[in-house]
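K.L.:
Questions regarding the structure given below will be posed in turn.
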Amino acid sequence: MSERSGPKTVVFGVTGGIAAYKAVEVCRRLVDAGVHVVPVLTAGAERFVAKTTFSALASEPVQSSLFDEASPIPHTLLARRADLVVVAPATADFLARYAAGTAGDLLGATLLATRAPVLVCPAMHTEMWEHPSVQENLATLRRRGVEVVPPEAGALAAGDVGVGRLAEPAAIVEAALGLLGAHGDLAGHRVAVSAGGTREPIDPVRHLSNRSSGKQGHALARAALRRGAEVTLVTTVASSLPSHPRLSVVRVDTAAEMEAVMAVEAEKADVIVMAAAVADFRPVAIAPSKLTKDQGIPELVLEKTPDILAGLAARRRPGQVIVGFAAETDEPLARARRKRAAKAVDLMVVNDVSAPGVGFDYDTNAVTIVSAFEDREVPLTSKAVVADTVLDQVVELLADGGPEPSPEGH
Ligand code: C5P
């Protein structure tokens, strides 16, 4: 398995079953999650899906032959690059060949050569699934440490119904990300992430808020989970993450609620990421009943909310790494540098929300990660990749034993 930082590599094997069409969706979701996906199709798979489809969606072109690729030893190269091998769908024939250890094609040879964890996702007709040969082959593979996402009951090809249908793409992707995270570089660390815009009530039906979808914060929580962390997501919008044994989600509304929850989390967290858009001002008093038009135009008297991030940084535990976010429209870099120093945080991740495709409701973002030592630019990419790039820097800071004092002037 590789020890590189940055995106993890999944060698994604597709074998020749009708469920190969669903593998397209699995591939796309893995890429969306920030994984580098290298597709390997068997000859059988190519009878069901076109190479072109996977080449277009995956991180690199399909490989399918032991012999006619650019390299004379594609299987050993693939085997070494893999952080995980996923086979979806895995046919009965593939399971038999894998259990027997045959290496007659690129996928089989790669599976023998790799030391990365392997996840197989069988799909076949019920009668085949229940056959003792298939079950014994699967038991053999499990005994050798291969992970399995079993098939589900449901509609099969040719109008049949029963157990044997490939698991849902979301379930396969979560299992794959979980395996990548089990040995991740944040394993053993606690990470608290805040997300979404806080809502400061004016009356029982109205509030002041910030534009924020929470997507970048959720992507950070997802990436931290995948890298093995214990994660608490403190969010003002419903969590988009599937439930996970290492994930706790706390829903909050106001800055005061977020502050209280983050204070508790900060006592145990090794990493704090304030991706939330905290309202800067809130009404001094909340009207007990709905303000109506016939009462005239209300005058809102506002007060400042607590600066949660600055407060957390002021009470930081030794070695704790603290990250803030800043959405700017003017002079983003200069402002981010000033804010990083003023709030005494390790990293300030700034985005210029006036640029196309950046921030708020988009699934993409372009940021600069400002530290005491450098500005690292991350050009327009998915929020998943931004999350991983931020966490790469967090991991470096943790490895150095926590934050360093800032050099003067940055
Ligand atoms: O100063 P500004 O609001 O631009 O700083 C943004 C950063 O500070 C974000 O990380 C945000 O979560 C945090 N913040 C906070 N409490 C506030 C305002 C912002 O924690 N009241």
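Naming scheme: A, B, ... for chains in displayed order of the structure tokens; residues 1 onward per chain; ligands 1 onward as shown.
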Tyr98 of chain A: which residues within 8 Å, counting only C-alpha atoms, same-chain residues fewer than 2 positions away excluded, as a list in words?
P.N.:
Phe94, Leu95, Ala96, Ala100, Gly101, Thr102, Gly108, Leu111 and Leu141 of chain A
K.L.:
Could you report the residues within 9 Å of ligand 1, using only C-alpha atoms and all ligand atoms, as a tab-separated table (two decimals) with C-alpha atoms, in the first residue's frame?
P.N.:
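Saved as pocket31.tsv:
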```tsv
chain	number	residue	atom	x	y	z
A	194	SER	CA	-18.53	23.11	12.04
A	195	ALA	CA	-20.64	23.66	8.92
A	197	GLY	CA	-24.65	29.31	8.31
A	255	ALA	CA	-23.92	31.13	17.05
A	258	MET	CA	-22.54	26.45	18.08
A	259	GLU	CA	-20.19	28.10	20.55
A	273	VAL	CA	-12.14	23.15	11.64
A	274	MET	CA	-14.52	26.11	11.71
A	275	ALA	CA	-16.00	25.90	8.21
A	276	ALA	CA	-19.30	27.37	9.44
A	277	ALA	CA	-20.44	30.80	8.32
A	278	VAL	CA	-21.17	32.25	11.74
A	279	ALA	CA	-23.42	35.32	11.68
A	280	ASP	CA	-21.44	38.32	12.85
A	281	PHE	CA	-24.47	40.07	14.36
A	304	LYS	CA	-21.97	41.16	17.88
A	305	THR	CA	-21.96	37.39	18.19
A	306	PRO	CA	-19.02	35.82	20.01
A	307	ASP	CA	-16.07	35.03	17.74
A	308	ILE	CA	-16.13	31.28	18.29
A	309	LEU	CA	-12.93	30.62	16.37
A	310	ALA	CA	-10.88	33.25	18.18
A	311	GLY	CA	-12.23	31.98	21.51
A	312	LEU	CA	-11.27	28.39	20.71
A	323	VAL	CA	-8.38	25.90	10.99
A	324	GLY	CA	-10.63	28.80	10.02
A	325	PHE	CA	-12.39	29.65	6.79
A	326	ALA	CA	-12.96	33.06	5.21
A	327	ALA	CA	-15.28	33.93	2.34
A	328	GLU	CA	-14.14	37.20	0.81
A	335	ARG	CA	-7.59	39.80	4.52
A	336	ALA	CA	-7.01	36.09	5.15
A	339	LYS	CA	-7.47	37.19	10.01
A	340	ARG	CA	-5.18	34.19	10.51
A	343	LYS	CA	-7.50	34.96	15.41
A	348	MET	CA	-7.03	30.20	7.21
A	349	VAL	CA	-8.71	28.79	4.11
A	350	VAL	CA	-9.90	31.66	1.97
```
K.L.:
Within 9 Å of segment 393-396 of chain A, which residues of segment 273-350 of chain A come that close, and what is the closest atom pair and distance in Å for each? Count only C-alpha atoms and give it as JSON lines.
P.N.:
```
{"residue": "A:Val321", "atom": "CA", "partner": "A:Val394", "partner_atom": "CA", "distance": 6.9}
{"residue": "A:Ile322", "atom": "CA", "partner": "A:Val394", "partner_atom": "CA", "distance": 8.5}
{"residue": "A:Val323", "atom": "CA", "partner": "A:Val394", "partner_atom": "CA", "distance": 8.3}
{"residue": "A:Asp346", "atom": "CA", "partner": "A:Val394", "partner_atom": "CA", "distance": 8.8}
{"residue": "A:Leu347", "atom": "CA", "partner": "A:Val394", "partner_atom": "CA", "distance": 8.4}
```
K.L.:
With N, CA, C and O atoms retained, could you export that selection as a PDB file, in the first residue's frame?
P.N.:
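Here's the written file again_0.pdb:
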```
ATOM      1  N   VAL A 321      -4.614  21.562  16.513  1.00  0.00           N
ATOM      2  CA  VAL A 321      -4.501  22.292  15.250  1.00  0.00           C
ATOM      3  C   VAL A 321      -5.855  22.941  14.949  1.00  0.00           C
ATOM      4  O   VAL A 321      -6.892  22.285  15.012  1.00  0.00           O
ATOM      5  N   ILE A 322      -5.836  24.239  14.644  1.00  0.00           N
ATOM      6  CA  ILE A 322      -7.098  24.980  14.447  1.00  0.00           C
ATOM      7  C   ILE A 322      -7.118  25.635  13.065  1.00  0.00           C
ATOM      8  O   ILE A 322      -6.168  26.304  12.667  1.00  0.00           O
ATOM      9  N   VAL A 323      -8.232  25.411  12.368  1.00  0.00           N
ATOM     10  CA  VAL A 323      -8.385  25.896  10.991  1.00  0.00           C
ATOM     11  C   VAL A 323      -9.627  26.774  10.900  1.00  0.00           C
ATOM     12  O   VAL A 323     -10.695  26.389  11.369  1.00  0.00           O
ATOM     13  N   ASP A 346      -3.971  28.231  12.916  1.00  0.00           N
ATOM     14  CA  ASP A 346      -2.861  27.684  12.127  1.00  0.00           C
ATOM     15  C   ASP A 346      -3.059  27.894  10.634  1.00  0.00           C
ATOM     16  O   ASP A 346      -2.133  28.234   9.920  1.00  0.00           O
ATOM     17  N   LEU A 347      -4.288  27.626  10.190  1.00  0.00           N
ATOM     18  CA  LEU A 347      -4.571  27.748   8.756  1.00  0.00           C
ATOM     19  C   LEU A 347      -5.831  28.585   8.573  1.00  0.00           C
ATOM     20  O   LEU A 347      -6.804  28.405   9.318  1.00  0.00           O
TER      21      LEU A 347
END
```
K.L.:
Select, from A:Gln63, A:Thr114, A:Thr53, A:Thr329, the residue with the minimum atom-to-atom distance to Ala355 of chain A, counting only C-alpha atoms.
P.N.:
A:Thr329
K.L.:
Write out as a PyMOL selection string the residues lying within 9 Å of Pro74 of chain A, counting only C-alpha atoms and excluding same-chain residues fewer than 3 positions away.
P.N.:
chain A and resi 63+65-67+69-71+77-79+106+110
K.L.:
Next, the residues of the selection above should be written as a PDB file, in the first residue's frame with all heavy atoms.
P.N.:
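Below you can see selection.pdb, which holds the result:
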```pdb
ATOM      1  N   GLN A  63      -7.486   0.167 -18.097  1.00  0.00           N
ATOM      2  CA  GLN A  63      -6.478  -0.826 -18.464  1.00  0.00           C
ATOM      3  C   GLN A  63      -7.188  -2.166 -18.483  1.00  0.00           C
ATOM      4  O   GLN A  63      -8.045  -2.419 -17.630  1.00  0.00           O
ATOM      5  CB  GLN A  63      -5.340  -0.846 -17.452  1.00  0.00           C
ATOM      6  CG  GLN A  63      -4.641   0.495 -17.330  1.00  0.00           C
ATOM      7  CD  GLN A  63      -3.361   0.405 -16.513  1.00  0.00           C
ATOM      8  OE1 GLN A  63      -2.574  -0.516 -16.642  1.00  0.00           O
ATOM      9  NE2 GLN A  63      -3.180   1.398 -15.657  1.00  0.00           N
ATOM     10  N   SER A  65      -5.458  -5.189 -20.332  1.00  0.00           N
ATOM     11  CA  SER A  65      -4.673  -6.313 -20.823  1.00  0.00           C
ATOM     12  C   SER A  65      -3.350  -6.418 -20.073  1.00  0.00           C
ATOM     13  O   SER A  65      -2.747  -5.411 -19.701  1.00  0.00           O
ATOM     14  CB  SER A  65      -4.408  -6.136 -22.315  1.00  0.00           C
ATOM     15  OG  SER A  65      -3.413  -7.057 -22.709  1.00  0.00           O
ATOM     16  N   LEU A  66      -2.913  -7.646 -19.889  1.00  0.00           N
ATOM     17  CA  LEU A  66      -1.601  -7.892 -19.270  1.00  0.00           C
ATOM     18  C   LEU A  66      -0.483  -7.606 -20.250  1.00  0.00           C
ATOM     19  O   LEU A  66       0.668  -7.484 -19.861  1.00  0.00           O
ATOM     20  CB  LEU A  66      -1.506  -9.373 -18.883  1.00  0.00           C
ATOM     21  CG  LEU A  66      -1.828  -9.773 -17.459  1.00  0.00           C
ATOM     22  CD1 LEU A  66      -1.806 -11.287 -17.342  1.00  0.00           C
ATOM     23  CD2 LEU A  66      -0.858  -9.154 -16.478  1.00  0.00           C
ATOM     24  N   PHE A  67      -0.834  -7.527 -21.546  1.00  0.00           N
ATOM     25  CA  PHE A  67       0.225  -7.554 -22.550  1.00  0.00           C
ATOM     26  C   PHE A  67       0.363  -6.310 -23.410  1.00  0.00           C
ATOM     27  O   PHE A  67       1.469  -5.921 -23.724  1.00  0.00           O
ATOM     28  CB  PHE A  67       0.039  -8.788 -23.454  1.00  0.00           C
ATOM     29  CG  PHE A  67      -0.045 -10.046 -22.636  1.00  0.00           C
ATOM     30  CD1 PHE A  67      -1.235 -10.718 -22.484  1.00  0.00           C
ATOM     31  CD2 PHE A  67       1.089 -10.524 -21.968  1.00  0.00           C
ATOM     32  CE1 PHE A  67      -1.305 -11.861 -21.697  1.00  0.00           C
ATOM     33  CE2 PHE A  67       1.013 -11.658 -21.182  1.00  0.00           C
ATOM     34  CZ  PHE A  67      -0.181 -12.334 -21.046  1.00  0.00           C
ATOM     35  N   GLU A  69      -0.405  -3.039 -22.933  1.00  0.00           N
ATOM     36  CA  GLU A  69      -0.344  -1.701 -22.383  1.00  0.00           C
ATOM     37  C   GLU A  69       1.069  -1.151 -22.581  1.00  0.00           C
ATOM     38  O   GLU A  69       1.976  -1.865 -22.967  1.00  0.00           O
ATOM     39  CB  GLU A  69      -0.704  -1.695 -20.886  1.00  0.00           C
ATOM     40  CG  GLU A  69      -1.928  -2.513 -20.522  1.00  0.00           C
ATOM     41  CD  GLU A  69      -3.236  -1.884 -21.016  1.00  0.00           C
ATOM     42  OE1 GLU A  69      -3.204  -0.707 -21.399  1.00  0.00           O
ATOM     43  OE2 GLU A  69      -4.246  -2.589 -21.054  1.00  0.00           O
ATOM     44  N   ALA A  70       1.233   0.126 -22.228  1.00  0.00           N
ATOM     45  CA  ALA A  70       2.535   0.766 -22.421  1.00  0.00           C
ATOM     46  C   ALA A  70       3.625   0.069 -21.610  1.00  0.00           C
ATOM     47  O   ALA A  70       4.777  -0.020 -22.023  1.00  0.00           O
ATOM     48  CB  ALA A  70       2.436   2.229 -22.013  1.00  0.00           C
ATOM     49  N   SER A  71       3.257  -0.450 -20.421  1.00  0.00           N
ATOM     50  CA  SER A  71       4.251  -1.076 -19.551  1.00  0.00           C
ATOM     51  C   SER A  71       4.241  -2.595 -19.732  1.00  0.00           C
ATOM     52  O   SER A  71       3.182  -3.187 -19.905  1.00  0.00           O
ATOM     53  CB  SER A  71       3.916  -0.747 -18.106  1.00  0.00           C
ATOM     54  OG  SER A  71       4.425  -1.731 -17.253  1.00  0.00           O
ATOM     55  N   LEU A  77       2.733  -2.778 -11.330  1.00  0.00           N
ATOM     56  CA  LEU A  77       2.625  -1.326 -11.115  1.00  0.00           C
ATOM     57  C   LEU A  77       1.289  -0.989 -10.461  1.00  0.00           C
ATOM     58  O   LEU A  77       1.228  -0.244  -9.487  1.00  0.00           O
ATOM     59  CB  LEU A  77       2.769  -0.568 -12.436  1.00  0.00           C
ATOM     60  CG  LEU A  77       4.142  -0.651 -13.101  1.00  0.00           C
ATOM     61  CD1 LEU A  77       4.150   0.147 -14.390  1.00  0.00           C
ATOM     62  CD2 LEU A  77       5.223  -0.122 -12.146  1.00  0.00           C
ATOM     63  N   LEU A  78       0.216  -1.558 -10.995  1.00  0.00           N
ATOM     64  CA  LEU A  78      -1.114  -1.311 -10.422  1.00  0.00           C
ATOM     65  C   LEU A  78      -1.163  -1.794  -8.981  1.00  0.00           C
ATOM     66  O   LEU A  78      -1.684  -1.119  -8.094  1.00  0.00           O
ATOM     67  CB  LEU A  78      -2.185  -2.067 -11.221  1.00  0.00           C
ATOM     68  CG  LEU A  78      -2.646  -1.444 -12.516  1.00  0.00           C
ATOM     69  CD1 LEU A  78      -3.641  -2.370 -13.203  1.00  0.00           C
ATOM     70  CD2 LEU A  78      -3.297  -0.101 -12.230  1.00  0.00           C
ATOM     71  N   ALA A  79      -0.616  -2.974  -8.753  1.00  0.00           N
ATOM     72  CA  ALA A  79      -0.663  -3.582  -7.416  1.00  0.00           C
ATOM     73  C   ALA A  79       0.002  -2.685  -6.394  1.00  0.00           C
ATOM     74  O   ALA A  79      -0.469  -2.544  -5.269  1.00  0.00           O
ATOM     75  CB  ALA A  79       0.013  -4.951  -7.446  1.00  0.00           C
ATOM     76  N   LEU A 106      -5.376  -9.220 -16.363  1.00  0.00           N
ATOM     77  CA  LEU A 106      -4.766  -8.109 -15.618  1.00  0.00           C
ATOM     78  C   LEU A 106      -5.328  -8.011 -14.196  1.00  0.00           C
ATOM     79  O   LEU A 106      -4.581  -7.823 -13.230  1.00  0.00           O
ATOM     80  CB  LEU A 106      -4.986  -6.790 -16.371  1.00  0.00           C
ATOM     81  CG  LEU A 106      -4.358  -5.549 -15.732  1.00  0.00           C
ATOM     82  CD1 LEU A 106      -2.861  -5.714 -15.548  1.00  0.00           C
ATOM     83  CD2 LEU A 106      -4.657  -4.306 -16.568  1.00  0.00           C
ATOM     84  N   THR A 110      -3.137  -8.614 -10.847  1.00  0.00           N
ATOM     85  CA  THR A 110      -3.014  -7.477  -9.924  1.00  0.00           C
ATOM     86  C   THR A 110      -3.418  -7.909  -8.518  1.00  0.00           C
ATOM     87  O   THR A 110      -2.766  -7.565  -7.528  1.00  0.00           O
ATOM     88  CB  THR A 110      -3.914  -6.306 -10.394  1.00  0.00           C
ATOM     89  OG1 THR A 110      -3.536  -5.956 -11.724  1.00  0.00           O
ATOM     90  CG2 THR A 110      -3.774  -5.094  -9.498  1.00  0.00           C
TER      91      THR A 110
END
```
K.L.:
Hey, what does DSSP flag as helix (DSSP H, G or I) within segment 235-267 of chain A? Can you give it to me as a list in words?
P.N.:
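Everything in segment 235-267 of chain A that counts as helix (DSSP H, G or I) is Ala255, Ala256, Glu257, Met258, Glu259, Ala260, Val261, Met262, Ala263, Val264, Glu265 and Ala266 of chain A.
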K.L.:
How about saving the chosen residues, N, CA and C atoms kept, as a tab-separated table (two decimals), in the first residue's frame?
P.N.:
```
chain	number	residue	atom	x	y	z
A	255	ALA	N	-25.34	31.03	16.71
A	255	ALA	CA	-23.92	31.13	17.05
A	255	ALA	C	-23.70	30.71	18.50
A	256	ALA	N	-24.64	31.09	19.38
A	256	ALA	CA	-24.48	30.75	20.81
A	256	ALA	C	-24.51	29.23	20.99
A	257	GLU	N	-25.43	28.56	20.26
A	257	GLU	CA	-25.49	27.09	20.38
A	257	GLU	C	-24.21	26.47	19.82
A	258	MET	N	-23.76	27.00	18.69
A	258	MET	CA	-22.54	26.45	18.08
A	258	MET	C	-21.35	26.65	19.02
A	259	GLU	N	-21.30	27.81	19.63
A	259	GLU	CA	-20.19	28.10	20.55
A	259	GLU	C	-20.17	27.10	21.71
A	260	ALA	N	-21.36	26.83	22.26
A	260	ALA	CA	-21.43	25.91	23.41
A	260	ALA	C	-20.99	24.51	23.01
A	261	VAL	N	-21.47	24.03	21.87
A	261	VAL	CA	-21.11	22.66	21.45
A	261	VAL	C	-19.63	22.58	21.09
A	262	MET	N	-19.13	23.59	20.38
A	262	MET	CA	-17.71	23.56	19.98
A	262	MET	C	-16.80	23.61	21.21
A	263	ALA	N	-17.24	24.32	22.26
A	263	ALA	CA	-16.41	24.41	23.47
A	263	ALA	C	-16.25	23.03	24.09
A	264	VAL	N	-17.32	22.26	24.11
A	264	VAL	CA	-17.24	20.90	24.67
A	264	VAL	C	-16.35	20.03	23.77
A	265	GLU	N	-16.57	20.13	22.46
A	265	GLU	CA	-15.79	19.31	21.51
A	265	GLU	C	-14.31	19.66	21.58
A	266	ALA	N	-14.02	20.95	21.76
A	266	ALA	CA	-12.62	21.40	21.73
A	266	ALA	C	-11.81	20.79	22.86
```
K.L.:
Quick one: distance from atom CA of Val49 of chain A to atom CA of Leu180 of chain A in Å, one decimal?
P.N.:
26.5 Å
K.L.:
What does the distance between atom CA of Cys121 of chain A and atom CA of Val163 of chain A come to in Å, to one decimal place?
P.N.:
13.0 Å
K.L.:
I'd like the interatomic distance between atom CA of Ile369 of chain A and atom CA of Cys27 of chain A, to a tenth of an Å.
P.N.:
28.9 Å
K.L.:
Could you list, as a list in words, every residue within 10 Å of Leu291 of chain A, counting only C-alpha atoms and ignoring same-chain residues fewer than 3 positions away?
P.N.:
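Once the adjacent positions are removed, what remains is Ile202, Asp203, Pro204, Val205, Arg206, Ala287, Pro288, Asp294, Gln295, Gly296, Ile297 and Pro298 of chain A.
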K.L.:
Residues near segment 382-384 of chain A, anyone? I mean within 6 Å using only C-alpha atoms, not counting same-chain ones fewer than 3 positions away, as a list in words.
P.N.:
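Near neighbours after the sequence-gap exclusion: Ala33, Gly34, Gln216, Ala219, Asp363, Thr364, Asn365 and Ala387 of chain A.
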K.L.:
Ala269 of chain A: which residues within 7 Å, counting only C-alpha atoms, same-chain residues fewer than 5 positions away excluded, as a list in words?
P.N.:
Arg190, Val191 and Ala192 of chain A
K.L.:
Name all residues at most 12 Å from Ser64 of chain A (count only C-alpha atoms; drop same-chain ones fewer than 5 positions away) and give them as a PDB file with C-alpha atoms, in the first residue's frame.
P.N.:
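File produced: out_19.pdb:
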```pdb
ATOM      1  CA  VAL A  11      -7.858   0.043  -8.543  1.00  0.00           C
ATOM      2  CA  PHE A  12     -11.427  -0.549  -9.621  1.00  0.00           C
ATOM      3  CA  GLY A  13     -12.025  -3.977 -11.173  1.00  0.00           C
ATOM      4  CA  VAL A  14     -15.175  -4.546 -13.212  1.00  0.00           C
ATOM      5  CA  THR A  15     -16.094  -8.087 -14.237  1.00  0.00           C
ATOM      6  CA  VAL A  38      -7.860   3.419 -11.942  1.00  0.00           C
ATOM      7  CA  PRO A  39     -10.350   1.222 -13.812  1.00  0.00           C
ATOM      8  CA  VAL A  40      -9.480  -2.329 -14.865  1.00  0.00           C
ATOM      9  CA  LEU A  41     -12.051  -4.139 -17.014  1.00  0.00           C
ATOM     10  CA  THR A  42     -12.052  -7.866 -17.690  1.00  0.00           C
ATOM     11  CA  ALA A  43     -12.866  -9.152 -21.164  1.00  0.00           C
ATOM     12  CA  GLY A  44     -16.317 -10.118 -19.852  1.00  0.00           C
ATOM     13  CA  ALA A  45     -16.967  -6.619 -18.498  1.00  0.00           C
ATOM     14  CA  GLU A  46     -16.287  -5.130 -21.921  1.00  0.00           C
ATOM     15  CA  ALA A  50     -17.798   0.378 -22.977  1.00  0.00           C
ATOM     16  CA  LYS A  51     -14.233   1.141 -21.953  1.00  0.00           C
ATOM     17  CA  PHE A  54     -15.030   4.378 -17.562  1.00  0.00           C
ATOM     18  CA  SER A  55     -12.119   6.163 -19.211  1.00  0.00           C
ATOM     19  CA  GLU A  69      -0.344  -1.701 -22.383  1.00  0.00           C
ATOM     20  CA  ALA A  70       2.535   0.766 -22.421  1.00  0.00           C
ATOM     21  CA  PRO A  74       1.105  -3.361 -15.665  1.00  0.00           C
ATOM     22  CA  HIS A  75      -0.134  -5.687 -12.920  1.00  0.00           C
ATOM     23  CA  LEU A  78      -1.114  -1.311 -10.422  1.00  0.00           C
ATOM     24  CA  GLY A 104      -4.451 -15.099 -16.481  1.00  0.00           C
ATOM     25  CA  ASP A 105      -5.744 -11.563 -16.877  1.00  0.00           C
ATOM     26  CA  LEU A 106      -4.766  -8.109 -15.618  1.00  0.00           C
ATOM     27  CA  LEU A 107      -7.257  -8.052 -12.724  1.00  0.00           C
ATOM     28  CA  GLY A 108      -6.335 -11.546 -11.506  1.00  0.00           C
ATOM     29  CA  ALA A 109      -2.593 -10.829 -11.694  1.00  0.00           C
ATOM     30  CA  THR A 110      -3.014  -7.477  -9.924  1.00  0.00           C
TER      31      THR A 110
END
```
